[in-house]
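Dropping model.txt in here (compact mmCIF, C-alpha atoms):
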# COMPACT_ATOMS: atom_id res chain seq x y z
CA MET V 1 7.89 -13.56 5.90
CA VAL V 2 7.44 -14.54 9.54
CA PHE V 3 5.60 -11.35 10.43
CA LEU V 4 2.64 -12.06 8.14
CA THR V 5 2.73 -15.83 7.87
CA VAL V 6 -0.54 -17.50 6.88
CA ASN V 7 -1.17 -21.20 7.32
CA LYS V 8 -2.07 -23.72 4.62
CA ASP V 9 -5.81 -23.58 5.32
CA THR V 10 -5.86 -19.80 5.13
CA ARG V 11 -3.95 -19.79 1.86
CA GLU V 12 -6.35 -22.34 0.37
CA GLY V 13 -9.31 -20.31 1.60
CA ILE V 14 -7.98 -17.16 -0.09
CA LEU V 15 -7.32 -19.04 -3.34
CA ALA V 16 -10.86 -20.42 -3.23
CA GLU V 17 -12.22 -16.86 -3.04
CA TYR V 18 -11.12 -16.50 -6.66
CA GLY V 19 -11.86 -20.00 -7.89
CA LEU V 20 -8.23 -21.04 -7.65
CA THR V 21 -6.48 -24.19 -6.53
CA ASP V 22 -2.77 -24.63 -5.99
CA GLU V 23 -2.38 -26.18 -9.44
CA ARG V 24 -4.38 -23.45 -11.16
CA MET V 25 -2.30 -20.82 -9.43
CA LYS V 26 0.91 -22.49 -10.61
CA ASP V 27 -0.45 -22.37 -14.17
CA SER V 28 -1.33 -18.68 -13.81
CA VAL V 29 2.14 -17.89 -12.48
CA ARG V 30 3.73 -19.75 -15.38
CA ILE V 31 1.60 -17.84 -17.91
CA MET V 32 2.45 -14.50 -16.36
CA LYS V 33 6.18 -15.17 -16.20
CA GLU V 34 6.18 -16.29 -19.84
CA TRP V 35 4.33 -13.09 -20.73
CA MET V 36 6.95 -10.98 -18.93
CA LYS V 37 9.74 -12.64 -20.88
CA LEU V 38 8.03 -11.54 -24.11
CA GLN V 39 7.88 -7.87 -23.07
CA PRO V 40 11.07 -6.18 -24.33
CA HIS V 41 10.63 -3.19 -22.03
CA LEU V 42 10.05 -5.06 -18.76
CA PRO V 43 12.57 -6.69 -16.40
CA ASP V 44 12.61 -10.47 -16.39
CA GLU V 45 12.97 -10.82 -12.62
CA PHE V 46 9.92 -11.78 -10.58
CA ASP V 47 9.75 -14.69 -8.15
CA ASP V 48 6.80 -17.09 -8.00
CA GLU V 49 5.49 -16.12 -4.55
CA ARG V 50 5.47 -12.45 -5.49
CA MET V 51 3.59 -13.23 -8.69
CA GLU V 52 1.00 -15.26 -6.76
CA CYS V 53 0.27 -12.34 -4.46
CA TRP V 54 0.00 -9.99 -7.44
CA ILE V 55 -2.49 -12.28 -9.17
CA ILE V 56 -4.60 -12.48 -6.00
CA ALA V 57 -4.57 -8.67 -5.70
CA CYS V 58 -5.88 -8.51 -9.27
CA LYS V 59 -8.72 -10.94 -8.44
CA ASN V 60 -7.25 -13.69 -10.63
CA SER V 61 -7.54 -11.55 -13.76
CA LEU V 62 -4.36 -12.13 -15.74
CA GLU V 63 -5.10 -9.20 -18.03
CA ARG V 64 -5.44 -6.91 -15.04
CA THR V 65 -2.23 -8.37 -13.61
CA LYS V 66 -0.40 -7.55 -16.84
CA VAL V 67 -1.58 -3.93 -16.74
CA SER V 68 -0.69 -3.63 -13.06
CA LEU V 69 2.83 -5.04 -13.47
CA ASP V 70 3.48 -2.88 -16.51
CA MET V 71 2.46 0.19 -14.54
CA TYR V 72 4.52 -0.86 -11.52
CA PHE V 73 7.75 -0.99 -13.49
CA SER V 74 6.91 2.08 -15.60
CA LEU V 75 6.05 4.30 -12.65
CA LYS V 76 9.61 4.01 -11.41
CA ASN V 77 10.47 6.19 -14.42
CA PHE V 78 7.52 8.56 -14.24
CA THR V 79 7.26 9.00 -10.46
CA PRO V 80 10.76 8.41 -9.07
CA GLU V 81 9.82 10.48 -6.00
CA PHE V 82 7.71 7.49 -4.88
CA PHE V 83 9.65 4.52 -6.25
CA THR V 84 13.35 5.27 -5.92
CA ASN V 85 15.80 6.13 -3.11
CA ARG V 86 14.01 3.69 -0.81
CA ASP V 87 16.87 2.87 1.51
CA PRO V 88 15.36 2.14 4.96
CA LYS V 89 18.65 3.18 6.56
CA SER V 90 18.46 6.66 4.97
CA ARG V 91 17.85 9.80 7.00
CA TRP V 92 14.52 10.62 5.35
CA PHE V 93 13.13 7.13 6.16
CA GLN V 94 14.23 7.34 9.78
CA ASN V 95 12.69 10.81 10.03
CA VAL V 96 9.30 9.73 8.68
CA THR V 97 9.14 6.61 10.84
CA LYS V 98 9.79 8.66 13.97
CA ILE V 99 6.79 10.87 13.16
CA ALA V 100 4.29 8.40 11.71
CA TYR V 101 3.48 4.71 11.92
CA SER V 102 1.72 2.31 9.61
CA PHE V 103 1.83 -1.43 10.10
CA PRO V 104 -0.14 -4.57 9.19
CA MET V 105 -1.58 -6.62 12.03
CA PRO V 106 -0.15 -10.18 12.05
CA ILE V 107 -3.52 -11.95 12.33
CA LEU V 108 -6.09 -11.84 9.52
CA THR V 109 -9.80 -11.37 10.14
CA PRO V 110 -12.07 -14.41 9.57
CA GLU V 111 -12.86 -12.97 6.12
CA PHE V 112 -9.12 -13.02 5.28
CA ASN V 113 -8.77 -9.24 5.50
CA ARG V 114 -5.56 -7.62 6.70
CA VAL V 115 -5.94 -4.80 9.24
CA CYS V 116 -3.47 -1.94 8.82
CA VAL V 117 -3.09 0.60 11.64
CA CYS V 118 -1.86 4.11 10.87
CA GLY V 119 -1.23 7.15 13.02
CA PHE V 120 1.24 9.78 14.17
CA PHE V 121 3.65 9.98 17.09
CA ASP V 122 4.41 13.68 16.58
CA THR V 123 2.17 16.72 16.12
CA ASP V 124 4.89 18.83 14.44
CA PHE V 125 4.23 18.32 10.74
CA SER V 126 6.83 20.89 9.72
CA LYS V 127 9.29 17.99 9.85
CA LEU V 128 7.20 15.81 7.52
CA GLU V 129 6.99 15.80 3.72
CA LEU V 130 3.93 14.24 2.08
CA VAL V 131 6.01 12.69 -0.70
CA ASP V 132 8.21 10.93 1.87
CA LEU V 133 5.14 9.68 3.74
CA CYS V 134 3.77 8.23 0.49
CA ARG V 135 7.16 6.72 -0.36
CA VAL V 136 7.26 4.88 2.97
CA ALA V 137 3.69 3.66 2.40
CA GLY V 138 4.82 2.44 -1.02
CA MET V 139 7.71 0.51 0.51
CA PHE V 140 5.32 -1.21 2.88
CA SER V 141 2.89 -1.96 0.03
CA ASP V 142 5.72 -3.34 -2.09
CA LEU V 143 6.71 -5.78 0.64
CA THR V 144 3.20 -6.97 1.45
CA ARG V 145 2.25 -7.19 -2.23
CA GLY V 146 4.96 -9.77 -2.66
CA GLU V 147 4.82 -11.63 0.64
CA ASP V 148 1.31 -11.49 2.08
CA TYR V 149 -1.83 -13.45 1.34
CA HIS V 150 -5.03 -11.52 2.06
CA VAL V 151 -8.28 -10.56 0.35
CA ALA V 152 -8.51 -6.86 1.24
CA TYR V 153 -7.32 -4.22 3.68
CA ILE V 154 -9.15 -2.71 6.63
CA TYR V 155 -7.49 0.55 7.65
CA VAL V 156 -7.60 2.07 11.13
CA LEU V 157 -6.51 5.70 10.90
CA ASP V 158 -5.81 7.41 14.24
CA LEU V 159 -5.92 11.21 13.98
CA ALA V 160 -5.22 11.89 17.66
CA ASN V 161 -1.97 13.75 16.99
CA VAL V 162 -3.04 15.42 13.76
CA SER V 163 -3.03 19.22 13.95
CA ILE V 164 -4.61 21.55 11.44
CA GLY V 165 -1.07 22.32 10.28
CA ILE V 166 -1.14 19.12 8.24
CA THR V 167 -3.32 20.88 5.68
CA ASN V 168 -0.31 23.00 4.72
CA LYS V 169 1.44 19.82 3.61
CA LEU V 170 -1.34 18.51 1.38
CA SER V 171 -1.08 18.75 -2.40
CA LEU V 172 -3.93 17.55 -4.61
CA THR V 173 -1.43 16.51 -7.27
CA THR V 174 0.51 14.28 -4.89
CA LEU V 175 -2.58 12.83 -3.24
CA LYS V 176 -4.30 12.06 -6.54
CA LYS V 177 -1.18 10.49 -7.99
CA TRP V 178 -0.86 8.32 -4.91
CA GLU V 179 -4.50 7.25 -5.14
CA VAL V 180 -3.96 6.14 -8.75
CA ILE V 181 -0.79 4.27 -7.77
CA THR V 182 -2.44 2.40 -4.89
CA SER V 183 -5.51 1.56 -6.98
CA ASN V 184 -4.01 0.67 -10.35
CA CYS V 185 -0.42 -0.29 -9.56
CA PHE V 186 -0.53 -2.04 -6.18
CA ASN V 187 -4.23 -2.84 -6.60
CA LEU V 188 -4.87 -2.29 -2.91
CA ARG V 189 -8.36 -3.56 -2.17
CA ILE V 190 -9.87 -1.51 0.63
CA ARG V 191 -12.74 -3.10 2.52
CA SER V 192 -13.14 -0.17 4.93
CA ILE V 193 -11.39 2.80 6.56
CA HIS V 194 -12.06 3.50 10.23
CA ILE V 195 -11.12 6.93 11.55
CA VAL V 196 -10.67 7.26 15.31
CA ASN V 197 -9.89 10.30 17.48
CA ALA V 198 -11.20 12.61 14.78
CA PRO V 199 -10.28 16.31 15.27
CA PRO V 200 -12.89 19.11 15.25
CA TYR V 201 -12.02 19.91 11.64
CA ILE V 202 -12.72 16.36 10.42
CA ASN V 203 -15.22 17.70 7.84
CA MET V 204 -12.40 19.62 6.18
CA LEU V 205 -10.29 16.46 5.97
CA MET V 206 -13.26 14.48 4.68
CA GLY V 207 -13.67 17.07 1.94
CA ILE V 208 -10.10 16.44 0.84
CA ALA V 209 -10.68 12.69 0.94
CA LYS V 210 -13.81 13.06 -1.20
CA ALA V 211 -11.85 15.03 -3.79
CA VAL V 212 -9.13 12.37 -4.02
CA LEU V 213 -10.73 8.96 -3.43
CA ARG V 214 -12.98 7.05 -5.77
CA PRO V 215 -16.62 7.38 -4.67
CA LYS V 216 -16.98 3.72 -3.71
CA ILE V 217 -13.92 3.95 -1.43
CA PHE V 218 -15.05 7.23 0.11
CA LYS V 219 -18.36 5.57 1.08
CA ARG V 220 -16.40 2.95 3.04
CA ILE V 221 -15.03 5.51 5.50
CA HIS V 222 -16.41 5.21 9.03
CA VAL V 223 -15.74 8.01 11.52
CA HIS V 224 -15.92 6.74 15.10
CA GLU V 225 -17.04 9.83 17.01
CA ASN V 226 -17.50 8.29 20.46
CA GLY V 227 -14.15 6.73 21.24
CA ILE V 228 -12.62 3.46 20.06
CA GLU V 229 -15.10 1.05 21.61
CA SER V 230 -17.16 0.75 18.43
CA LEU V 231 -14.11 -0.48 16.48
CA SER V 232 -14.64 -4.00 17.82
CA ASP V 233 -18.09 -3.99 16.18
CA HIS V 234 -16.28 -4.04 12.84
CA ILE V 235 -12.90 -5.66 13.54
CA PRO V 236 -12.11 -8.72 15.70
CA LYS V 237 -10.11 -7.89 18.82
CA LYS V 238 -7.34 -10.31 17.84
CA SER V 239 -6.69 -8.10 14.79
CA LEU V 240 -6.45 -4.86 16.80
CA PRO V 241 -3.64 -3.49 19.00
CA GLN V 242 -4.22 -3.07 22.72
CA GLU V 243 -4.51 0.72 22.40
CA TYR V 244 -7.56 0.22 20.19
CA GLY V 245 -9.34 -2.25 22.45
CA GLY V 246 -7.74 -5.34 20.94
CA ASP V 247 -5.70 -8.34 22.00
CA GLY V 248 -3.02 -8.09 19.33
CA GLY V 249 -0.14 -6.53 21.25
CA SER V 250 0.86 -2.90 21.69
CA VAL V 251 1.41 -0.33 18.94
CA ALA V 252 5.05 0.13 19.99
CA GLU V 253 5.70 -3.61 20.01
CA ILE V 254 4.17 -4.30 16.59
CA TRP V 255 5.57 -1.14 15.00
CA ASN V 256 9.12 -1.87 16.18
CA SER V 257 8.91 -5.44 14.86
CA TRP V 258 7.56 -4.31 11.50
CA LYS V 259 10.10 -1.50 11.13
CA LYS V 260 12.96 -3.87 11.93
CA TYR V 261 11.68 -6.29 9.31
CA VAL V 262 11.50 -3.55 6.69
CA GLU V 263 15.05 -2.46 7.54
CA SER V 264 16.23 -6.07 7.25
CA ARG V 265 15.08 -6.00 3.61
CA ARG V 266 17.39 -3.12 2.72
CA GLU V 267 19.28 -4.99 -0.02
CA TRP V 268 15.99 -6.06 -1.61
CA PHE V 269 14.80 -2.45 -1.79
CA LEU V 270 18.09 -1.26 -3.28
CA GLN V 271 17.88 -3.97 -5.92
CA GLN V 272 14.23 -3.25 -6.71
CA ASP V 273 15.02 0.43 -7.27
CA LYS V 274 17.08 -0.63 -10.30
CA LEU V 275 14.33 -2.76 -11.87
CA LYS V 276 12.23 -0.51 -14.09
CA SER V 277 10.83 -0.40 -17.58
CA VAL V 278 12.95 0.65 -20.55
CA GLU V 279 10.46 2.93 -22.28
CA SER V 280 12.50 3.18 -25.48
CA LYS V 281 11.85 -0.56 -25.98
CA ARG V 282 8.11 -0.39 -25.27
CA PRO V 283 6.07 -1.75 -28.20
CA GLY V 284 3.03 0.21 -29.31
CA LYS V 285 1.80 3.46 -27.77
CA ALA V 286 4.24 5.34 -25.58
CA MET V 287 3.34 5.83 -21.92
CA ASN V 288 3.20 9.29 -20.35
CA HIS V 289 1.82 11.08 -17.30
CA GLY V 290 -1.44 11.79 -19.09
CA ASN V 291 -2.37 8.19 -19.87
CA ILE V 292 -1.18 7.01 -16.46
CA PHE V 293 -2.85 9.56 -14.21
CA GLY V 294 -5.56 11.01 -16.41
CA PHE V 295 -4.31 14.57 -16.03
CA GLU V 296 -1.38 16.65 -17.19
CA GLY V 297 0.38 19.37 -15.30
CA SER V 298 -0.29 19.90 -11.62
CA PHE V 299 -2.81 21.31 -9.18
CA ARG V 300 -1.98 24.15 -6.88
CA GLN V 301 -1.47 23.62 -3.18
CA LEU V 302 -4.78 23.12 -1.38
CA GLY V 303 -6.17 26.28 0.11
CA PHE V 304 -8.81 26.67 2.82
CA ASP V 305 -11.05 29.51 3.95
Now that the file is in, can you turn its structure into structure tokens?
Amino acid sequence: MVFLTVNKDTREGILAEYGLTDERMKDSVRIMKEWMKLQPHLPDEFDDERMECWIIACKNSLERTKVSLDMYFSLKNFTPEFFTNRDPKSRWFQNVTKIAYSFPMPILTPEFNRVCVCGFFDTDFSKLELVDLCRVAGMFSDLTRGEDYHVAYIYVLDLANVSIGITNKLSLTTLKKWEVITSNCFNLRIRSIHIVNAPPYINMLMGIAKAVLRPKIFKRIHVHENGIESLSDHIPKKSLPQEYGGDGGSVAEIWNSWKKYVESRREWFLQQDKLKSVESKRPGKAMNHGNIFGFEGSFRQLGFD
């Protein structure tokens, strides 16, 4: 993947973070692929590079990698709203990507963290569905999980164009499901979340975040109340777009490149949609919404005073 290419030294540095060498990683990949072949309910299609990235995301724990991969393929059955119909040429995808943006910066930080910048082009959230926004985020996570070497994510969330109307789109059920998916399926490691251009009702949004996120992740949120200048105290300028005080190119330039790359992987997404677990062949205890998400049923739509 040209967009997120890392050099040999960077790759070796990331492997070293988890006590790995190239040879040890090859052994781990071999063990995991042999394990997958023995699982009657899982697909037997997973390339080596993708497996490497998955192992890194799971901190070189093969047991954790097994659980994560099992969940990844199973969730396509239990949450098809997030994991199927992921054609980047479809109308819903084009609609979401005209309203919102989310892209990884090409250059890692010195600590091997990947900066991801998120925000909105449009203030009219009547045209946006939360499930579709999560589905796009899942597509991006799926690509980077299989093609990108990094230790953790640093998120920059720009709320400049967020109106209070977004609260009408928020569902605790959807948000909590998505938090479980990102944590236990994609194993997204979040180093920090930096909120810029916070609206006056930021405390309301922080209350929602506190209800959904794990406590340790919630504590990693930084709200920059006095402009974007303080971002560079936390993130190197080379890993920030120009609009956020960085040297890494413009938002439009990076977003257009990233979106074009995602669209170029259309056939891959269509093929991946077909690869899912066959639950009737699962050995042992059956999987259901309760043991995946920790709750049954659904919450009501969020309400505010």
Using only C-alpha atoms, pick whichever of V:Phe78, V:Tyr261, V:Phe120, V:Tyr72 has the shortest atom-to-atom distance to V:Thr97.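 Result for the nearest residue to V:Thr97: V:Phe120.
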Pick from V:Ile208, V:Leu175, V:Leu159, V:Ile292: nearest to V:Gly227, with all atoms listed in the file counted?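 Using all atoms listed in the file, the shortest distance to V:Gly227 belongs to V:Leu159.
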Using only C-alpha atoms for the distances, tell me which of V:Tyr155, V:Trp35, V:Phe121, V:Phe73 is nearest to V:Ala252.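 Of the candidates, the smallest distance to V:Ala252 is held by V:Phe121.
Using only C-alpha atoms for every distance, the candidate list V:Lys281, V:His222, V:Val212, V:Ser61 yields V:Val212 as the residue closest to V:Ser171.
In this model, the gap between atom CA of V:Trp255 and atom CA of V:Tyr101 comes to 6.9 Å.
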